[in-house]
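Some notes on the structure that comes next.
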There are 4 protein chains.
Amino acid sequence: MGQTLRMDTGRTEAFSDGVFAVAITLLVLNFHTPEGNLRSGLLHMWPSLLAYAVSFLNVGIMWMNHHAMFRHVTRADRPLQLLNLMLLMAVVLVPFPTDMLGQLLGHELHGGDTATGAFVYGLVMIAMAAGFSGVWFSAVLRPGIINARIDRHALRVATFRFSVGAVVYVLATVLALWEPLAALIVFGMLSFYYAFEHLPLAPRSSDKLASPS
Amino acid sequence: MGQTLRMDTGRTEAFSDGVFAVAITLLVLNFHTPEGNLRSGLLHMWPSLLAYAVSFLNVGIMWMNHHAMFRHVTRADRPLQLLNLMLLMAVVLVPFPTDMLGQLLGHELHGGDTATGAFVYGLVMIAMAAGFSGVWFSAVLRPGIINARIDRHALRVATFRFSVGAVVYVLATVLALWEPLAALIVFGMLSFYYAFEHLPLAPRSSDKLASPS
Amino acid sequence: MGQTLRMDTGRTEAFSDGVFAVAITLLVLNFHTPEGNLRSGLLHMWPSLLAYAVSFLNVGIMWMNHHAMFRHVTRADRPLQLLNLMLLMAVVLVPFPTDMLGQLLGHELHGGDTATGAFVYGLVMIAMAAGFSGVWFSAVLRPGIINARIDRHALRVATFRFSVGAVVYVLATVLALWEPLAALIVFGMLSFYYAFEHLPLAPRSSDKLASPS
Amino acid sequence: MGQTLRMDTGRTEAFSDGVFAVAITLLVLNFHTPEGNLRSGLLHMWPSLLAYAVSFLNVGIMWMNHHAMFRHVTRADRPLQLLNLMLLMAVVLVPFPTDMLGQLLGHELHGGDTATGAFVYGLVMIAMAAGFSGVWFSAVLRPGIINARIDRHALRVATFRFSVGAVVYVLATVLALWEPLAALIVFGMLSFYYAFEHLPLAPRSSDKLASPS
């Protein structure tokens, strides 16, 4: 009976994987053969390369955490799917502010326009973190979504640490108004924070069901 | 024997997932760093952002319903695959009128050109709804495509409600000739209608076969 | 023992699905908001829309046949994977001549340049058909690649019919030098030929092994 | 117990497949309808076509080897996933120097700028090879990542041969400073070297576990 109500998460994960993979790959469209002298043109592209690396790591590591989280989800119902769609809606946007911020930093390192671009970049990062939190809380707070056997303490610790990360996203976005380049570097460091702060990787719920408690 | 005639739906779903995921992610290519003053340029991009959100939700939620429908499909034969290809042919087009309508709404909010753009947007939405209906009726009306144990009453209700949605797509497309912005908002609201009107999520047919009726 | 030598075809299929799905979706990048009067601009885009539909159907239906063929493949070894890569190398090219031919047909319906563009379009179609044939013959002629229980007569019939289709691709490419538009329509009709001429859809080889002969 | 610690590699492979497939397909965006006389314009595009083929083969065959390697991986832990992300970060970049080098070779065959472009192309190839080596050594040198039953001698031979390939990547990148076209051809030949130098394709670890030793 519990079986008949179960909704498999496979296609939701496959669709999410697709969107994450395409969004991360479209970041390459930010690079264009520079006009004028090639060597100096390429050297002046370092801000685009930095913005590329920061966005790639933030999206790539969020994919990892999405993957780790869905290993605990045994039932992807409509509300969870809709919240996951909201998360993907933010992920898809990432190449736009990445391109813009790379261009702006390339032209002027500390100006009003660059600050605006970095602030918009931060807003998209916040939207991505908010989308992830939405999926997270929808899975954790409602009964019957995640594996009941998951360690509750580990869950609380992970929730606390994700929240700390979300606060730093907001602070970095405010910082962007004064120091766009510093804010970009903070976003890059945040991706490494998320790389190591995560749920202990548990077995697939199917494995768990198969193994003795 | 029934087993030997069964055609797995896995790769058809994987290919469809890929097309939906790429089409939805290409929507980001509609955004370009604005020329001139950045702050006012970004603020004037709200119609592009609105068109992005409406298209994202319509494609994303249609993906969800595609997913829900294929859970009942036990046999993806050639006719069903061809109709599914017609549906995908409409889905792939979506980024074009989305980009166009966003640009047009950004320049003039109530003009002949904007109305034309919104009308073309509506035609692509209708093509998408028609493609989905084609797959739906091909699965429901022909014997042996969907799981025989599915609740016939729920199926009739779902068919009726999908048809209501399709009629509203047509009405919104006509409205687009007079009120392009209002039509776009109706399309956005339709996606939420489809988010909640759908087949009761049934178990994978394999689960059903395994569990007692 | 036979088991230990088996190579699963799953990831080769998944990678191919991805390339087919992305190539087919990139076709939308051929459409751009027309300059000048929008209504007449859109009406003059019909050659781009036709080229889009013809390419979409050729790639989409080739994907279907790729799918049908790989259901018989029980062992994807290196040579088969390399030939499959050659096929994908042609598939990826498709959006370029599609875009070019749509533009050329939009400007002049019977000129030298349009003929050149349609000829290049035909060459890419031939490369795609040659790639498919390469995979096909590598699977059929070498022992141990496809399911040994497949009906040999059906295989010979399918091989003959694929060869007929390949000859028509060559003829249409020659025709393109005189009648580019007619050639494009022939390519469109060929996709329907391939939609119905194909191997009888057999069960997954795993099903076959499980069921009595 | 070993079971409960196992982390499935399925979604890591699916995400990697997606990124490889999209990156390889975006290579088509390098081609644009040439201005001026079409026939001569197309004939002058051969360097872009050559760069396309070389990049397609290098990425496609690296995908094959990625696939072959992951068949031996039984546990994709965080460090391996992060190193895999570094590899993908290089793969995603490939379309940019490919486009640039094709354009540069089209305009001048032996100039300073072309040499710079070919050198950057080589740097991205080196980054890709370094990323692959990172994943490889992380899997081979740490205990418990790859299948314990894999032939240790075959592993040492494969490691030696991959290292030889990596050295040639570096040499070709240095050569690019003097002979950009020759370097591009060497990169193309290297992809064939990698096509045939690889781990003996072993069964899925799950097959191996199921079959007697």
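In the structure tokens, chains take the letters A, B, ... in the order shown, each chain's residues start at 1, and ligands count up from 1 in the order shown.
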Point to revise | Residue list for chain B near chain C as a ChimeraX atom specification, 10 Å, only C-alpha atoms | key: /B:1,3-8,11-12,14-24,26,29,77-79,81-82,85-86,88-89,91-97,99-101,103-104,112-114,116-117,120
Review point. Neighbours of Ala129 in chain C within 12 Å (only C-alpha atoms; same-chain residues fewer than 3 positions away dropped), as JSON, numbers by chain?
Key: {"C": [58, 59, 61, 62, 63, 65, 66, 84, 86, 87, 88, 89, 90, 91, 122, 123, 124, 125, 126, 132, 133, 134, 135, 136, 162, 163, 164, 165, 166, 167, 168, 169, 170, 187, 190, 191, 194]}
Exercise for review: Could you tell me, as a PyMOL selection string, which residues of range 8-198 of chain D DSSP assigns to alpha helix (DSSP H) when given the backbone?
Suggested key: chain D and resi 10-26+38-43+46-70+78-93+95-107+112-141+152-175+180-196
Check your understanding: In Å to one decimal, how far is CA of Leu177 in chain B from CA of Phe119 in chain B?
Key ->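 One can read the CA of Phe119 in chain B to CA of Leu177 in chain B distance as 6.1 Å.
Here CA of Leu83 in chain C and CA of Met128 in chain C stand 11.4 Å from one another.
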**Study point:** Selected residue of minimal separation from Ala139 in chain D among D:Thr74, D:Thr98, D:Thr173, D:Ser48, counting only C-alpha atoms
**Key:**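 Smallest distance to Ala139 in chain D is found for D:Thr74.
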